[in-house]
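Written out below as structure tokens is the structure these notes cover.
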Number of protein chains: 2
Amino acid sequence: MSEQLGERPAPPPCGEPSEAGIPTVGMVGAGQLARMTCPAATELGVGFRLLAEAAGDSAARVWPDVRLGDYRSLGDLRGFAAGCDVLTFDHEHVPGAALAALEQAGFVLRPGAAALHFAQDKLAMRERLSKLGIACPRYVPVSDLAGIEQFAEGSGWPLVLKAISGGYDGKGVWVCASPHEAAEVVAEASGRGLRLLAEEFVAFDRELAALVARSPHRQGAAYPVVQTVQRRGICREVLAPAPRLAPDRAEEAQLIALRLASELDVTGLLAVELFDTPGGLLVNELAMRPHNCGHWTIEGATTSQFQQHLRAVLDLPLGAPSLLAPVVVMANVLGGNDPDVYDRYIHVMAADPGVKVHLYGKTVRPGRKIGHVTVLGGDVAGLRERARRAASFLRWGDEEAE
Amino acid sequence: MSEQLGERPAPPPCGEPSEAGIPTVGMVGAGQLARMTCPAATELGVGFRLLAEAAGDSAARVWPDVRLGDYRSLGDLRGFAAGCDVLTFDHEHVPGAALAALEQAGFVLRPGAAALHFAQDKLAMRERLSKLGIACPRYVPVSDLAGIEQFAEGSGWPLVLKAISGGYDGKGVWVCASPHEAAEVVAEASGRGLRLLAEEFVAFDRELAALVARSPHRQGAAYPVVQTVQRRGICREVLAPAPRLAPDRAEEAQLIALRLASELDVTGLLAVELFDTPGGLLVNELAMRPHNCGHWTIEGATTSQFQQHLRAVLDLPLGAPSLLAPVVVMANVLGGNDPDVYDRYIHVMAADPGVKVHLYGKTVRPGRKIGHVTVLGGDVAGLRERARRAASFLRWGDEEAE
């Protein structure tokens, strides 16, 4: 005879660690990027802890190891960091002075404070890019309308004004058609204590994004370059790989991102948003974290950006960034006027059994990113149609009003 | 100008539900099957609650909404069910009487008590299969050695003795080469109050598994039929799709599983383990939950078995079960003698950037399933080699001793 009938194994005592030597990654912020990192931490079986603002935050709804605190408070950050082997971030809003203080206190930040500075300060980023000879839109820091009008003599109107720090998802970016409009922004910025940058308005053909990972061991991995489609400053669609992108331009975009990751000493993910123009690629924005341009990797790549970020900040060897289908399309789901999204699942799923729906557990507000959908296949036009239909049906009702 | 600089949105108050009308699935049990269901619940944004035996259970380590209780206690089950819209299970060990009582009290069980009976009672399952004309190994219930020897006159030796209920992962199954060995099993079973079944020892060519889902709306979806490779009664590898399986036999296996799901009124997943013999397919075992034979679907199918189970028990339209690569291979990681698995990650990941590693957060014990690895590609032999190498390196050390 060859087997014994066993009792079910006794459960381990409460709180017993499952394995020796397993590190804990602490992520500051508990938005949807942190939420989508939770399944990656589950798969790898590593420790993962969130610093959330509230128990109802997107990621805090789906993860047990959550501390509540204020990401602007050095005390809260220090208390949080004390229980983690490495600290990383789901947003760029931790004050630079706090980041520096954490590093001085001996905590391991990935990316580090020096790297994050370039994701937090658009002027410092532009100046660094210029020094490196990496092309970006013409820019100048401005403090008043006179400075803007002087810049406009070269750039013409419209031009773009940007808050040097604190913006996201199109917030903090103003396209100004006239000195009158620019004056309004200057007044508003002045009232809020915001520093401004003026940039030329780039007539790009399309927007691209290059997503790479870099580990403390200096290993790099580059995902296929994608096309991003924005409306009103908010990403609406991502097409992977970027359709009909010449191989040398794709390679150029990946090399820019890998070089920037190295030059800025980024550890973890680096997303580089680029303008594709007749004259070449221009770097628009940087982010040092999982990024909307990489949500397609959850189903569409061998290694999702969320697992890749964990591997990079843990200094594990990086995973293959290869595509699992010829084309992957992601569309963001923005909140509409109806708070009940779940009641549309049955229709979306019945209409398209191949669409992958992700909801972030966020309260629905018009225009807010509340989820995304992903489809894999071979035909970019057909996939875009499927993704748009699913995303717009989940939003329901006010797509035409945009 | 076109955008406003916004403050970060205020977080919702603690505990505020994210969306209206979102149902909660309660899963009894918090082992690795429940653990791998957590990412699926995160993606769908549905409520998910676990009844765990201990806070250290595999799934309880990665999910916030956990109740502690005893799955054998009707009181604990009722208290748990009261907060859920639908109840489902990560194992077959809830007593049948408790299941019936829960249904009588009005709780929604998917699968229901009547269906689960056939997953819990191998004699009832065999009798039902026989009535349906679905082929299975010859069997007879036995209560003493005389009955076994009588059965052996037809089946010969060796024969198989099985506990009619309570077995899993090869436990509760004895291959007996002689009346002497059978007598030992009878004595042990008698001491434990176990009822026994005698079955012919089937000289199969290989083992297959057909995994299907069925919803209360009676929609069905069938995954590609896989080959499973067992050693000592424990699944070690799954090859998807089953290599060189004739299309008509693959279809026959899927039809058996879909028919059984319908005849037994299964809601959720049904895994049917089959023997592939020169004379045809024989049904070996049933399970009505996510199953080891479907772990490959996490990366390898459009819809993972875990999301599929949630969709089925929520009566949502089922997802596409299609493969994302020509071949997907999964290998289980069994515990070895070294409790520290994490320190081997760096080597496994460096050796093969394409391998996907899943660890279950379980205390390592020799022979215990503690994780699995998955690889996608085109060449089954090469993928098996990669999966075995990764799994055996994670186990490390005593593979030869088996």
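Just so we're on the same page: first chain in the structure tokens is A, next is B, and so on; residues restart at 1 for each chain, and ligands are numbered from 1 in the order they show up.
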For the strand (DSSP E or B) assignment from backbone DSSP, which residues of range 161-206 of chain A qualify? Please present them as a PyMOL selection string. chain A and resi 161-163+168+171+173-176+196-200+206
Could you save the residues just selected, with C-alpha atoms, as a PDB file, in the first residue's frame?
ATOM      1  CA  LEU A 161       1.934  76.502 -18.744  1.00  0.00           C
ATOM      2  CA  LYS A 162       2.719  73.804 -16.201  1.00  0.00           C
ATOM      3  CA  ALA A 163       2.932  73.747 -12.453  1.00  0.00           C
ATOM      4  CA  TYR A 168      -1.145  64.815 -12.306  1.00  0.00           C
ATOM      5  CA  LYS A 171      -4.140  68.799 -13.610  1.00  0.00           C
ATOM      6  CA  VAL A 173      -1.274  71.823 -17.116  1.00  0.00           C
ATOM      7  CA  TRP A 174      -2.880  74.694 -19.016  1.00  0.00           C
ATOM      8  CA  VAL A 175      -2.914  75.255 -22.752  1.00  0.00           C
ATOM      9  CA  CYS A 176      -3.143  79.044 -23.189  1.00  0.00           C
ATOM     10  CA  LEU A 196       5.289  77.792 -13.316  1.00  0.00           C
ATOM     11  CA  LEU A 197       7.060  76.615 -16.420  1.00  0.00           C
ATOM     12  CA  ALA A 198       6.222  77.797 -19.931  1.00  0.00           C
ATOM     13  CA  GLU A 199       6.604  75.253 -22.732  1.00  0.00           C
ATOM     14  CA  GLU A 200       6.151  75.360 -26.457  1.00  0.00           C
ATOM     15  CA  ARG A 206       0.993  61.103 -31.457  1.00  0.00           C
TER      16      ARG A 206
END
Could you list, as a ChimeraX atom specification, every residue within 12 Å of Ala115 in chain A, counting only C-alpha atoms and ignoring same-chain residues fewer than 6 positions away? /A:92,96,99-100,109,121,124-125,128,260-270,286-289
Contacts of range 180-191 of chain A within 12 Å, only C-alpha atoms, excl. fewer than 2 positions in-chain, as an MDAnalysis selection string: (chainID A and resid 142:149 151:152 157:166 172:178 193:198) or (chainID B and resid 1:6)
Shell of 9 Å around Arg61 in chain A, only C-alpha atoms, local chain residues under 3 positions omitted, as a VMD selection string: (chain A and resid 35 55 to 58 64 361) or (chain B and resid 15 42 63 to 65)
Counting only C-alpha atoms, which residue out of A:Gly233, A:Gly382, A:Pro216, A:Pro366 sits closest to chain B?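 Closest to chain B of all the choices is A:Gly233.
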Determine, counting only C-alpha atoms, which protein, DNA and RNA residues have an atom within 7 Å of an atom of Ala312 in chain B; residues of the same chain fewer than 4 positions away are not included. Present the result as a PyMOL selection string. chain B and resi 213-215+267-268+308+316+318
Work out how far CA of Pro111 in chain A is from CA of Thr88 in chain A, in Å to one decimal. 6.6 Å
Any chance you could list, as number ranges by chain, the residues in range 177-400 of chain A that come up helix (DSSP H, G or I) when DSSP is run on the backbone? A: 179-192, 247-263, 292-294, 297-300, 305-313, 342-351, 380-395
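Considering only C-alpha atoms, the residue among B:Thr303, B:Ser73, B:Ser392, B:Ser155 positioned nearest to chain A is B:Thr303.
Put simply, CA of Pro321 in chain A is 22.4 Å away from CA of Ala240 in chain B.
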So which one's closest to Val66 in chain A, A:Val46, A:Ile256, A:Ala350, A:Ala34? Using only C-alpha atoms, please. A:Ala34
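For the set A:Arg384, A:Arg365, A:Arg192, A:His358, the residue with the smallest atom-to-atom gap to chain B is A:His358, counting only C-alpha atoms.
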For the contact check between range 266-341 of chain B and range 22-33 of chain B, emit one row per residue of range 266-341 of chain B within 9 Å, containing the shortest atom pair and the distance in Å rounded to one decimal, counting only C-alpha atoms, chain then rising number order, as a Markdown table.
| residue | atom | partner | partner_atom | distance |
| --- | --- | --- | --- | --- |
| B:Arg289 | CA | B:Leu33 | CA | 8.3 |
| B:Pro290 | CA | B:Leu33 | CA | 6.3 |
| B:His291 | CA | B:Leu33 | CA | 7.4 |
| B:Asn292 | CA | B:Leu33 | CA | 8.3 |
| B:Phe306 | CA | B:Leu33 | CA | 8.1 |
| B:Leu310 | CA | B:Val25 | CA | 7.7 |
| B:Val313 | CA | B:Val25 | CA | 8.0 |
| B:Leu314 | CA | B:Val25 | CA | 7.6 |
Got time to write the residues from that selection, all heavy atoms, as a JSON list (two decimals), in the first residue's frame?
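Written output follows (part_7.json):
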[["chain", "number", "residue", "atom", "x", "y", "z"],
["B", 289, "ARG", "N", -14.70, 23.27, -7.51],
["B", 289, "ARG", "CA", -13.98, 24.46, -7.01],
["B", 289, "ARG", "C", -12.81, 24.67, -7.95],
["B", 289, "ARG", "O", -12.52, 23.82, -8.79],
["B", 289, "ARG", "CB", -13.49, 24.20, -5.59],
["B", 289, "ARG", "CG", -12.74, 22.87, -5.48],
["B", 289, "ARG", "CD", -11.98, 22.69, -4.20],
["B", 289, "ARG", "NE", -11.51, 21.32, -4.05],
["B", 289, "ARG", "CZ", -10.48, 20.78, -4.68],
["B", 289, "ARG", "NH1", -9.78, 21.51, -5.56],
["B", 289, "ARG", "NH2", -10.12, 19.52, -4.49],
["B", 290, "PRO", "N", -12.09, 25.81, -7.80],
["B", 290, "PRO", "CA", -10.83, 25.93, -8.52],
["B", 290, "PRO", "C", -9.95, 24.74, -8.17],
["B", 290, "PRO", "O", -10.02, 24.20, -7.06],
["B", 290, "PRO", "CB", -10.22, 27.23, -7.97],
["B", 290, "PRO", "CG", -11.39, 28.01, -7.45],
["B", 290, "PRO", "CD", -12.37, 26.99, -6.94],
["B", 291, "HIS", "N", -9.15, 24.30, -9.12],
["B", 291, "HIS", "CA", -8.47, 23.01, -8.97],
["B", 291, "HIS", "C", -7.03, 23.14, -9.49],
["B", 291, "HIS", "O", -6.76, 23.92, -10.40],
["B", 291, "HIS", "CB", -9.24, 21.96, -9.77],
["B", 291, "HIS", "CG", -8.78, 20.56, -9.56],
["B", 291, "HIS", "ND1", -7.82, 19.97, -10.35],
["B", 291, "HIS", "CD2", -9.17, 19.62, -8.66],
["B", 291, "HIS", "CE1", -7.64, 18.72, -9.94],
["B", 291, "HIS", "NE2", -8.44, 18.48, -8.91],
["B", 292, "ASN", "N", -6.17, 22.36, -8.91],
["B", 292, "ASN", "CA", -4.76, 22.37, -9.31],
["B", 292, "ASN", "C", -4.58, 22.20, -10.82],
["B", 292, "ASN", "O", -3.66, 22.78, -11.42],
["B", 292, "ASN", "CB", -4.05, 21.23, -8.55],
["B", 292, "ASN", "CG", -2.54, 21.41, -8.43],
["B", 292, "ASN", "OD1", -1.92, 20.75, -7.62],
["B", 292, "ASN", "ND2", -1.92, 22.27, -9.22],
["B", 306, "PHE", "N", -9.92, 31.24, -11.50],
["B", 306, "PHE", "CA", -10.37, 31.90, -10.28],
["B", 306, "PHE", "C", -11.38, 33.00, -10.61],
["B", 306, "PHE", "O", -12.40, 33.14, -9.94],
["B", 306, "PHE", "CB", -9.15, 32.44, -9.51],
["B", 306, "PHE", "CG", -8.18, 31.34, -9.17],
["B", 306, "PHE", "CD1", -7.04, 31.12, -9.93],
["B", 306, "PHE", "CD2", -8.45, 30.47, -8.13],
["B", 306, "PHE", "CE1", -6.17, 30.08, -9.64],
["B", 306, "PHE", "CE2", -7.59, 29.41, -7.84],
["B", 306, "PHE", "CZ", -6.45, 29.21, -8.59],
["B", 310, "LEU", "N", -15.57, 32.98, -9.76],
["B", 310, "LEU", "CA", -16.32, 34.12, -9.21],
["B", 310, "LEU", "C", -17.45, 34.52, -10.16],
["B", 310, "LEU", "O", -18.58, 34.80, -9.72],
["B", 310, "LEU", "CB", -15.39, 35.31, -8.97],
["B", 310, "LEU", "CG", -14.41, 35.17, -7.80],
["B", 310, "LEU", "CD1", -13.50, 36.40, -7.73],
["B", 310, "LEU", "CD2", -15.16, 34.99, -6.48],
["B", 313, "VAL", "N", -20.28, 31.85, -9.85],
["B", 313, "VAL", "CA", -21.09, 31.84, -8.63],
["B", 313, "VAL", "C", -21.86, 33.15, -8.47],
["B", 313, "VAL", "O", -22.87, 33.20, -7.75],
["B", 313, "VAL", "CB", -20.26, 31.51, -7.36],
["B", 313, "VAL", "CG1", -19.54, 30.17, -7.52],
["B", 313, "VAL", "CG2", -19.30, 32.63, -6.99],
["B", 314, "LEU", "N", -21.40, 34.22, -9.13],
["B", 314, "LEU", "CA", -22.15, 35.48, -9.13],
["B", 314, "LEU", "C", -23.17, 35.54, -10.26],
["B", 314, "LEU", "O", -23.86, 36.54, -10.44],
["B", 314, "LEU", "CB", -21.18, 36.67, -9.26],
["B", 314, "LEU", "CG", -20.36, 36.98, -8.01],
["B", 314, "LEU", "CD1", -19.23, 37.94, -8.33],
["B", 314, "LEU", "CD2", -21.27, 37.57, -6.92]]
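Atom pair CA of Glu207 in chain B / CA of Phe275 in chain B: separated by 4.8 Å.
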